[in-house]
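Trainee: Quick one: the structure is below, and I'll ask about it shortly.
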2 protein chains.
Amino acid sequence: MFDFESCLKIGKGEYKRMMEPLIIKMGKLQREAKTKKIPVLIILEGLDASGKGAVMNELLMALDPRGYKVYSNNKDTEEELLRPFFWKFWKNLPGEGEIAVFDRSWYFSVIKNLNDMNKKEYKRRCQEIMDTETLLRNGKTSIIKFFLFISKEEQKKRFKKLDKNPSTSWRVTKEDWESNKNYDEILEQYEKLLDNTGNEKGVWNIVCSEDIDSAKVQIFQRTVAFLEKSIEQSGQDTLEMIPLKEKSFSLDSVNLVKSISRREYKKKLKKYKEKLMELEHEIYEKRIPVVLAYEGWDAAGKGGNIKRTVDRLDPRGYDVIPIAAPNDIEKKHHYMWRFWKDFPKGGHITIFDRTWYGRVLVERVEGFCKEEEWHRAYHEINSIESQWSDDGAVILKFWLHISKDEQLRRFKGREKTSYKNWKITEEDWRNREKWDLYKDAVEDMITMTSTENSEWHVIPGNSKRYARLKVMEIIIEELEKALKKREK
Amino acid sequence: MFDFESCLKIGKGEYKRMMEPLIIKMGKLQREAKTKKIPVLIILEGLDASGKGAVMNELLMALDPRGYKVYSNNKDTEEELLRPFFWKFWKNLPGEGEIAVFDRSWYFSVIKNLNDMNKKEYKRRCQEIMDTETLLRNGKTSIIKFFLFISKEEQKKRFKKLDKNPSTSWRVTKEDWESNKNYDEILEQYEKLLDNTGNEKGVWNIVCSEDIDSAKVQIFQRTVAFLEKSIEQSGQDTLEMIPLKEKSFSLDSVNLVKSISRREYKKKLKKYKEKLMELEHEIYEKRIPVVLAYEGWDAAGKGGNIKRTVDRLDPRGYDVIPIAAPNDIEKKHHYMWRFWKDFPKGGHITIFDRTWYGRVLVERVEGFCKEEEWHRAYHEINSIESQWSDDGAVILKFWLHISKDEQLRRFKGREKTSYKNWKITEEDWRNREKWDLYKDAVEDMITMTSTENSEWHVIPGNSKRYARLKVMEIIIEELEKALKKREK
C-alpha cells in the first residue's frame with residue numbers, strides 16, 4: 001500500500017511548469033462545481049510531518065477563498081465528546097456548491113482511539129465509515145481522499161528541522177517524537193484501517209510526500225481529474241433501486257378503542273410526570289443522550305402529548321425541535337444533516353416533533369424525492385440510527401395513530417373552537433385527501449425501520465388520555481432499561 | 001428595590017381562577033407575535049432557589065413548544081470562554097417570530113465574575129449591557145426582564161427541603177449554602193447592578209417569590225401585558241433620526257499614484273508573508289482574536305489581497321468569510337447577528353470579505369433599510385466594535401480604494417480574459433452607475449466609524465502590488481502592537 005518506489009523527485013523548473021496550468025484549471029473547476037451545485041469533500045489524512053499543511057495551503061491558494069472551508073479534526077472539543085462519533089463531521093459537511101477540506105477525518109479519529117476499542121467496536125467503526133461515505137456519495141457529495149506518507153528517516157529529519165528553527169520548534173511535541181519511534185506500528189495501523197474501509201476501488205489516493213513538490217503536483221493532478229469527473233457525472237442518475245420488503249405491519253390491526261377513565265388518568269399522569277423528572281436527572285448523571293421522535297397523523301395529538309411529557313422536566317435538560325419544511329441552508333445539505341445538528345448532548349433529551357422520516361412520508365407522497373431515493377432512505381436511516389444507539393443513545397420512535405373518522409371530528413372541532421382554529425389549515429385538508437397514500441407509506445416505514453435498537457411504537461390515539469400515558473409508560477420503561485444496562 | 005412588603009400569598013383556588021384565562025391568553029399572544037414577526041426575549045434572573053425553574057416550566061407549558069427555545073446561561077463552555085463577553089448571548093437571540101427564554105443572562109455573568117473585575121471594567125460592562133439592550137430593542141426585539149427574590153430565611157428553608165429529598169438533594173451544592181451565608185452581600189450586588197443598568201424606567205419586573213403561586217400569577221400578568229403592548233406597537237416607527245457628523249474625510253484626497261517595482265514587491269512580499277506566519281503563531285499563543293474587515297469598490301482587488309495575506313498562514317488558524325446577501329435565517333435576525341456568529345475564537349483570525357458595514361453601504365444606497373436605521377447603525381457598530389476590542393480583540397478595517405477609471409479598465413479586462421470573466425456581472429455595472437452615491441456613503445462611514453480602537457485604513461489600490469504590501473504592513477504593525485500591549 002505504501003509503495004516507496006513510487007516516491008518521485010522533481011526539479012523547481014518542472015514543478016512550476018506543471019503546476020501553473022493545474023492552478024488555473026482548479027479555479028475554473030471550482031466555479032463549475034459551484035454552478036452545478038456539487039458538494040465537494042476533500043479529505044487529507046497522513047502521517048505526522050508528511051506535509052499536509054503545505055499541500056493544503058497550495059490547494060487553497062488555487063481556490064477562491066469564498067468557496068471553501070477548512071476544518072481541522074485533530075482535537076475534540078468538550079461539546080464534541082458528548083456527541084456520537086460522527087457528529088462533529090456531519091456539522092461541517094459541505095452543502096451544494098461548497099467545498100469542505102477536512103484536515104484529518106474519521107480515519108484519524110479511529111487511529112487516535114485505537115487503544116480504547118475492542119475488536120468488535122473497531123469492526124463496527126469501519127463499517128460505519130463505509131456506510132457514511134456511501135450514503136454521502138449517494139446524496140450527491142463528491143469525496144476525494146488523500147493519504148500522505150513519508151519514510152521513518154524523512155519524518156525524523158523533518159521533526160529535527162522544525163525543532164532547530166526557533167519560530168517553528170513549538171510545533172514539535174513529545175507525541176511527535178513518540179510517533180516517530182512507533183513509526184512502523186502506526187503505518188501498520190493505517191494500512192489495516194485503509195484496507196478494512198476500502199469498499200470501493202481506487203478511492204484512496206496514497207501519495208508519497210518524501211518530495212513535497214512532487215506530492216503537490218500529484219495531488220493537484222488527481223484533484224483536477226476528480227473534479228472533472230464529478231462535474232461530468234453530475235445530474236446523471238446512477239442510484240440503483242432497492243426493492244422494498246413485503247409489509248409486515250398494517251395500521252388496520254391497531255386497536256383504537258382503548259381508553260382510560262379521567263380519574264385513573266389524573267392519578268397516573270401525576271405519578272409518571274414525577275418519575276420522568278427523576279429519570280431526567282439519572283440520564284443526566286449517566287450522560288445518556290435521549291431522542292424522542294414523534295410522528296403521526298395531523299391532529300393525532302403530538303403537541304399535547306409532548307406537552308404532558310415535558311411538563312415537569314427541567315427545561316434546561318430538553319429541547320423540543322419542531323420540524324417544518326427545510327430552510328434554504330438545510331435544502332443544500334443531505335436530508336439527515338439538520339437532524340444531526342440538533343442531536344442531544346450526553347445527558348440531554350431532544351424531542352423531534354416530526355422527524356427525518358419526512359423523507360419516506362411527505363417527500364415520498366408528494367414526490368419531493370425520487371423513488372430510488374426514498375427506497376434507499378430506509379437503509380440509510382437504519383444505519384444512522386444504529387450508529388446513534390451503538391454510541392450509547394436511546395432512540396424512541398412513536399407513531400401516533402388515529403382513525404380517519406376521528407381526524408375528521410378533530411378538524412371540525414378545531415374549526416369551531418375560537419382559540420384552536422389556528423391549528424387547522426388548508427394543507428391539513430389536502431393531506432387528508434391523501435390518507436391512503438400516507439397509510440401505505442407509514443406501513444412501509446414501520447416495516448422497514450423497526451430495528452432491534454430502535455423499534456416503532458404505534459400508539460392508539462383516539463383517546464388522547466390513553467395515548468399520553470402510553471407514551472410516558474414507554475419512555476419510563478425504556479429509560480430504566482437503558483440505565484440498568486449502563487450499570488453493568 | 002427588593003420590597004418584601006410586596007410579597008403576597010394566594011390560595012390554591014384563587015390561583016387557578018386567575019391562571020386559567022392567563023394561560024389561554026398567553027397562547028393566543030404567542031401566535032400573534034409570531035404572525036407579526038416580533039422577536040421576543042424573556043430574561044429570567046433571580047436569587048438561588050428563588051423559583052426560576054418552576055416559573056419557567058409554567059410559562060413554557062402555556063406556550064406552543066414549537067415557538068420558543070430555552071437557553072441556560074449558568075455555565076460557560078470552553079468555546080464561549082474564548083469569545084467576547086456577549087458572544088454566547090448573541091448566538092441565541094430570537095429571530096423574527098421566535099421567543100427565546102434566557103435562564104439567567106448578562107446580569108448573572110457580571111455578578112459571577114465580579115471578583116475579577118476592577119471598577120472601570122464593571123462600569124464598562126454596565127454600559128455595554130445598556131447599549132446592547134437598546135440596540136436590540138431598536139432592532140425590533142421585545143425584551144422583558146424578571147428578577148425573582150426571596151428572603152434569606154426562605155432561601156435556607158428551600159435548600160433544606162431540597163436537601164432532605166433524596167431525589168433532589170443533588171441540586172443543592174456547597175456554593176448554594178455559601179450563597180445563603182452571603183445573602184446580604186449578593187442582594188446588594190444585584191441591587192447595585194440593576195441600578196447601574198436601568199436606563200429605561202420600569203423595565204425590570206422585580207417579583208417577590210416567597211409564595212411561588214403568587215409570583216407565577218404576577219409573571220403571567222406582566223408577560224401578557226408586555227406581549228399585548230409589543231403586538232400593538234409593532235410596525236410603528238418610533239426610531240429617532242440621529243444626525244450625521246459633518247464629513248471629515250474625502251476619497252478625493254487619497255493619493256492613487258503610489259506604486260512599487262516588481263522586484264521590490266517580490267522581495268517584500270516574501271518577507272511579509274514569513275512575518276505573518278510567525279505572528280499567526282504568536283497571537284495564537286496569546287489567545288488574541290483578530291478580525292480583518294475588508295471593504296472596497298467592486299474590482300478593487302479584495303480577493304487577491306486576501307489571498308496574498310493568508311498565503312503562508314496555517315489554514316487551521318484562519319477563516320475567510322465571504323459576505324453575500326443574507327440567507328433566510330440571517331434575514332430574521334439583527335443585522336449584526338451573522339457577524340457575531342463568525343467572530344473568531346481567541347488566537348484565531350477571521351477575515352470578512354465584505355462586512356457589517358453593508359448596513360451603511362449597500363443597504364443605505366439601495367434603500368434596503370430606512371434612513372433612521374442606517375443613521376443609527378454607525379453608533380451601534382461603534383459600540384459593538386468597542387466591546388470586541390475592549391475584550392481583547394484586534395479589529396482592522398480596510399477600504400480598498402481605486403479610481404473610477406481604474407475600475408472601468410478592470411471590468412473590461414475581466415470581460416476579455418476568459419478565465420476571469422466569471423468575475424464580472426450585470427450587478428457590477430449597475431453598482432458602478434451609483435458610484436457617487438457609494439462615494440458619499442463611504443465618506444460618511446469613514447467619518448462616523450473611525451474610532452480610537454478601530455480606525456479605517458484607506459488603501460490606495462490602483463496598484464495591486466502596492467495595496468497588498470500596504471495591507472500586510474498594517475496587519476504586521478498592528479499585531480506587533482497588540483502583542484506588545486499584552487506583554488505588559
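Chain lettering (A, B, ...) mirrors the order of the C-alpha cells, residue numbering begins at 1 for each chain separately, and ligand numbering begins at 1 in order of display.
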Please report as an mmCIF file with N, CA and C atoms, in the first residue's frame which residues of chain A come no farther than 8 Å from chain B, using only C-alpha atoms.
Mentor:
data_model
loop_
_atom_site.group_PDB
_atom_site.id
_atom_site.type_symbol
_atom_site.label_atom_id
_atom_site.label_comp_id
_atom_site.auth_asym_id
_atom_site.auth_seq_id
_atom_site.Cartn_x
_atom_site.Cartn_y
_atom_site.Cartn_z
ATOM 1 N N ILE A 24 -4.736 27.129 -12.737
ATOM 2 C CA ILE A 24 -5.805 27.792 -13.499
ATOM 3 C C ILE A 24 -7.001 26.865 -13.669
ATOM 4 N N LYS A 28 -11.099 27.152 -12.255
ATOM 5 C CA LYS A 28 -12.202 27.016 -13.198
ATOM 6 C C LYS A 28 -13.151 25.900 -12.749
ATOM 7 N N GLY A 53 -0.074 20.233 5.824
ATOM 8 C CA GLY A 53 -0.242 21.684 5.892
ATOM 9 C C GLY A 53 0.203 22.370 4.606
ATOM 10 N N MET A 56 -2.147 21.574 1.768
ATOM 11 C CA MET A 56 -3.414 22.258 1.957
ATOM 12 C C MET A 56 -3.306 23.710 1.523
ATOM 13 N N ASN A 57 -2.249 24.385 1.945
ATOM 14 C CA ASN A 57 -2.082 25.786 1.570
ATOM 15 C C ASN A 57 -1.991 25.964 0.064
ATOM 16 N N MET A 61 -4.720 28.050 -2.059
ATOM 17 C CA MET A 61 -4.273 29.192 -2.851
ATOM 18 C C MET A 61 -4.882 29.163 -4.236
ATOM 19 N N ASP A 64 -10.859 29.886 -4.890
ATOM 20 C CA ASP A 64 -11.442 31.143 -4.451
ATOM 21 C C ASP A 64 -11.799 30.988 -2.971
ATOM 22 N N PRO A 65 -11.217 31.829 -2.100
ATOM 23 C CA PRO A 65 -11.454 31.626 -0.662
ATOM 24 C C PRO A 65 -12.926 31.747 -0.290
ATOM 25 N N ARG A 66 -13.722 32.309 -1.171
ATOM 26 C CA ARG A 66 -15.140 32.438 -0.854
ATOM 27 C C ARG A 66 -15.913 31.157 -1.064
ATOM 28 N N LYS A 69 -14.224 25.863 2.928
ATOM 29 C CA LYS A 69 -13.959 25.963 4.364
ATOM 30 C C LYS A 69 -13.018 24.829 4.760
ATOM 31 N N VAL A 70 -12.071 25.131 5.635
ATOM 32 C CA VAL A 70 -11.149 24.113 6.141
ATOM 33 C C VAL A 70 -11.551 23.741 7.559
ATOM 34 N N TYR A 71 -11.637 22.467 7.835
ATOM 35 C CA TYR A 71 -11.952 22.032 9.190
ATOM 36 C C TYR A 71 -10.862 21.121 9.706
ATOM 37 N N SER A 72 -10.332 21.492 10.845
ATOM 38 C CA SER A 72 -9.282 20.701 11.444
ATOM 39 C C SER A 72 -9.903 19.700 12.409
ATOM 40 N N THR A 77 -13.489 18.957 20.902
ATOM 41 C CA THR A 77 -13.897 19.870 21.961
ATOM 42 C C THR A 77 -14.751 19.104 22.963
ATOM 43 N N GLU A 78 -14.887 19.703 24.146
ATOM 44 C CA GLU A 78 -15.780 19.201 25.198
ATOM 45 C C GLU A 78 -17.131 18.772 24.623
ATOM 46 N N SER A 167 11.348 29.657 15.459
ATOM 47 C CA SER A 167 9.976 30.096 15.188
ATOM 48 C C SER A 167 9.060 28.919 14.842
ATOM 49 N N GLU A 278 -37.448 12.373 37.745
ATOM 50 C CA GLU A 278 -36.317 11.645 38.341
ATOM 51 C C GLU A 278 -35.401 11.080 37.263
ATOM 52 N N GLY A 303 -48.670 17.523 19.711
ATOM 53 C CA GLY A 303 -48.346 18.680 20.534
ATOM 54 C C GLY A 303 -48.728 18.490 21.998
ATOM 55 N N LYS A 307 -46.318 18.077 25.312
ATOM 56 C CA LYS A 307 -46.506 18.997 26.421
ATOM 57 C C LYS A 307 -46.578 18.258 27.750
ATOM 58 N N ASP A 311 -43.779 18.264 30.862
ATOM 59 C CA ASP A 311 -44.361 19.161 31.856
ATOM 60 C C ASP A 311 -43.480 19.426 33.079
ATOM 61 N N ARG A 312 -43.059 18.366 33.741
ATOM 62 C CA ARG A 312 -42.316 18.567 34.986
ATOM 63 C C ARG A 312 -40.801 18.524 34.784
ATOM 64 N N LEU A 313 -40.372 18.370 33.562
ATOM 65 C CA LEU A 313 -38.923 18.282 33.326
ATOM 66 C C LEU A 313 -38.251 19.647 33.502
ATOM 67 N N ASP A 314 -36.969 19.605 33.825
ATOM 68 C CA ASP A 314 -36.179 20.820 33.900
ATOM 69 C C ASP A 314 -35.931 21.313 32.474
ATOM 70 N N PRO A 315 -36.421 22.520 32.150
ATOM 71 C CA PRO A 315 -36.309 22.978 30.757
ATOM 72 C C PRO A 315 -34.863 23.050 30.262
ATOM 73 N N ARG A 316 -33.922 23.045 31.176
ATOM 74 C CA ARG A 316 -32.525 23.087 30.748
ATOM 75 C C ARG A 316 -32.032 21.741 30.260
ATOM 76 N N ASP A 319 -34.869 19.789 24.733
ATOM 77 C CA ASP A 319 -35.209 20.705 23.643
ATOM 78 C C ASP A 319 -36.334 20.100 22.828
ATOM 79 N N VAL A 320 -37.284 20.918 22.446
ATOM 80 C CA VAL A 320 -38.302 20.456 21.501
ATOM 81 C C VAL A 320 -37.969 21.068 20.142
ATOM 82 N N ILE A 321 -37.755 20.230 19.146
ATOM 83 C CA ILE A 321 -37.402 20.732 17.817
ATOM 84 C C ILE A 321 -38.563 20.467 16.862
ATOM 85 N N PRO A 322 -39.296 21.501 16.520
ATOM 86 C CA PRO A 322 -40.378 21.327 15.564
ATOM 87 C C PRO A 322 -39.802 21.257 14.156
ATOM 88 N N ASN A 327 -35.273 25.012 5.619
ATOM 89 C CA ASN A 327 -34.929 26.359 5.145
ATOM 90 C C ASN A 327 -33.866 26.247 4.044
ATOM 91 N N ASP A 328 -33.436 27.379 3.513
ATOM 92 C CA ASP A 328 -32.618 27.278 2.291
ATOM 93 C C ASP A 328 -31.218 26.712 2.538
ATOM 94 N N ILE A 329 -30.734 26.816 3.769
ATOM 95 C CA ILE A 329 -29.442 26.189 4.069
ATOM 96 C C ILE A 329 -29.620 24.678 4.200
ATOM 97 N N TYR A 419 -60.222 29.509 20.036
ATOM 98 C CA TYR A 419 -58.797 29.584 20.349
ATOM 99 C C TYR A 419 -58.021 28.372 19.839
#
Trainee: Write out as a list in words each polymer residue whose atoms come within 10 Å of segment 333-337 of chain B, counting only C-alpha atoms; drop sequence neighbours fewer than 6 positions from it.
Mentor: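 These residues fall inside the cut-off: Pro39, Trp87, Trp90, Lys91, Asn92, Leu93, Pro94, Gly95, Glu96, Leu135, Leu136, Asn138, Gly139, Lys140, Thr141, Pro326, Thr355, Trp356, Tyr357, Gly358, Arg359, Ala377, Glu380, Ile381 and Ile384 of chain B.
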Trainee: Write out as a list in words which residues come within 9 Å of Ile283 of chain B when counting only C-alpha atoms, dropping same-chain ones fewer than 2 positions away.
Mentor: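 Contacts, in chain order: Glu278, Leu279, Glu280, His281, Glu285, Lys286, Arg287, Ile288, Pro289, Val290, Gly346, Gly347, His348, Leu479, Ala482 and Leu483 of chain B.
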Trainee: Check segment 162-385 of chain B with DSSP on the backbone and list each residue it calls alpha helix (DSSP H), as a ChimeraX atom specification.
Mentor: /B:162-164,174-181,183-196,212-233,262-285,302-310,328-331,337-341,362-365,371-385
Trainee: Which residues are close to Thr447 of chain B, i.e. within 9 Å by only C-alpha atoms, leaving aside same-chain residues fewer than 4 positions away? Reply as an mmCIF file with C-alpha atoms, in the first residue's frame.
Mentor:
data_model
loop_
_atom_site.group_PDB
_atom_site.id
_atom_site.type_symbol
_atom_site.label_atom_id
_atom_site.label_comp_id
_atom_site.auth_asym_id
_atom_site.auth_seq_id
_atom_site.Cartn_x
_atom_site.Cartn_y
_atom_site.Cartn_z
ATOM 1 C CA LYS B 245 -21.444 64.345 11.708
ATOM 2 C CA GLU B 246 -20.031 66.589 9.027
ATOM 3 C CA LYS B 247 -17.708 64.665 6.723
ATOM 4 C CA SER B 248 -14.109 64.847 7.849
ATOM 5 C CA PHE B 249 -12.802 62.653 5.080
ATOM 6 C CA SER B 250 -12.916 62.708 1.305
ATOM 7 C CA VAL B 442 -18.065 55.543 2.123
ATOM 8 C CA GLU B 443 -17.046 59.012 3.220
#
Trainee: Quick one: residues within 9 Å of segment 386-400 of chain B, only C-alpha atoms counted, chain neighbours fewer than 3 positions away excluded, as an MDAnalysis selection string?
Mentor: chainID B and resid 83:86 124:125 128 288:297 300:302 346 381:383 442 446 451:461 467 471 474:475 478:479 482
Trainee: Name all residues at most 9 Å from Ala33 of chain B (count only C-alpha atoms; drop same-chain ones fewer than 5 positions away) and give them as a list of chain:residue names.
Mentor: B:Lys28, B:Ile38, B:Pro39, B:Val40, B:Glu96, B:Gly97, B:Glu98, B:Ile99, B:Leu227, B:Glu228, B:Ser230, B:Ile231
Trainee: With C-alpha atoms retained, export the selected residues as a PDB file, in the first residue's frame.
Mentor:
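The resulting file, result_39.pdb, is reproduced below:
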ATOM      1  CA  LYS B  28     -53.017  33.424  21.689  1.00  0.00           C
ATOM      2  CA  ILE B  38     -41.719  40.020  16.591  1.00  0.00           C
ATOM      3  CA  PRO B  39     -38.572  38.582  18.187  1.00  0.00           C
ATOM      4  CA  VAL B  40     -39.319  38.147  21.897  1.00  0.00           C
ATOM      5  CA  GLU B  96     -38.476  37.219  13.859  1.00  0.00           C
ATOM      6  CA  GLY B  97     -41.472  35.377  15.281  1.00  0.00           C
ATOM      7  CA  GLU B  98     -39.383  33.454  17.804  1.00  0.00           C
ATOM      8  CA  ILE B  99     -39.342  33.503  21.589  1.00  0.00           C
ATOM      9  CA  LEU B 227     -46.876  40.898  24.743  1.00  0.00           C
ATOM     10  CA  GLU B 228     -50.071  42.864  24.164  1.00  0.00           C
ATOM     11  CA  SER B 230     -45.430  44.662  21.860  1.00  0.00           C
ATOM     12  CA  ILE B 231     -48.024  43.480  19.375  1.00  0.00           C
TER      13      ILE B 231
END
Trainee: What residues in segment 100-183 of chain B get the DSSP label strand (DSSP E)? Please answer as a PyMOL selection string.
Mentor: chain B and resi 100-103+142-149
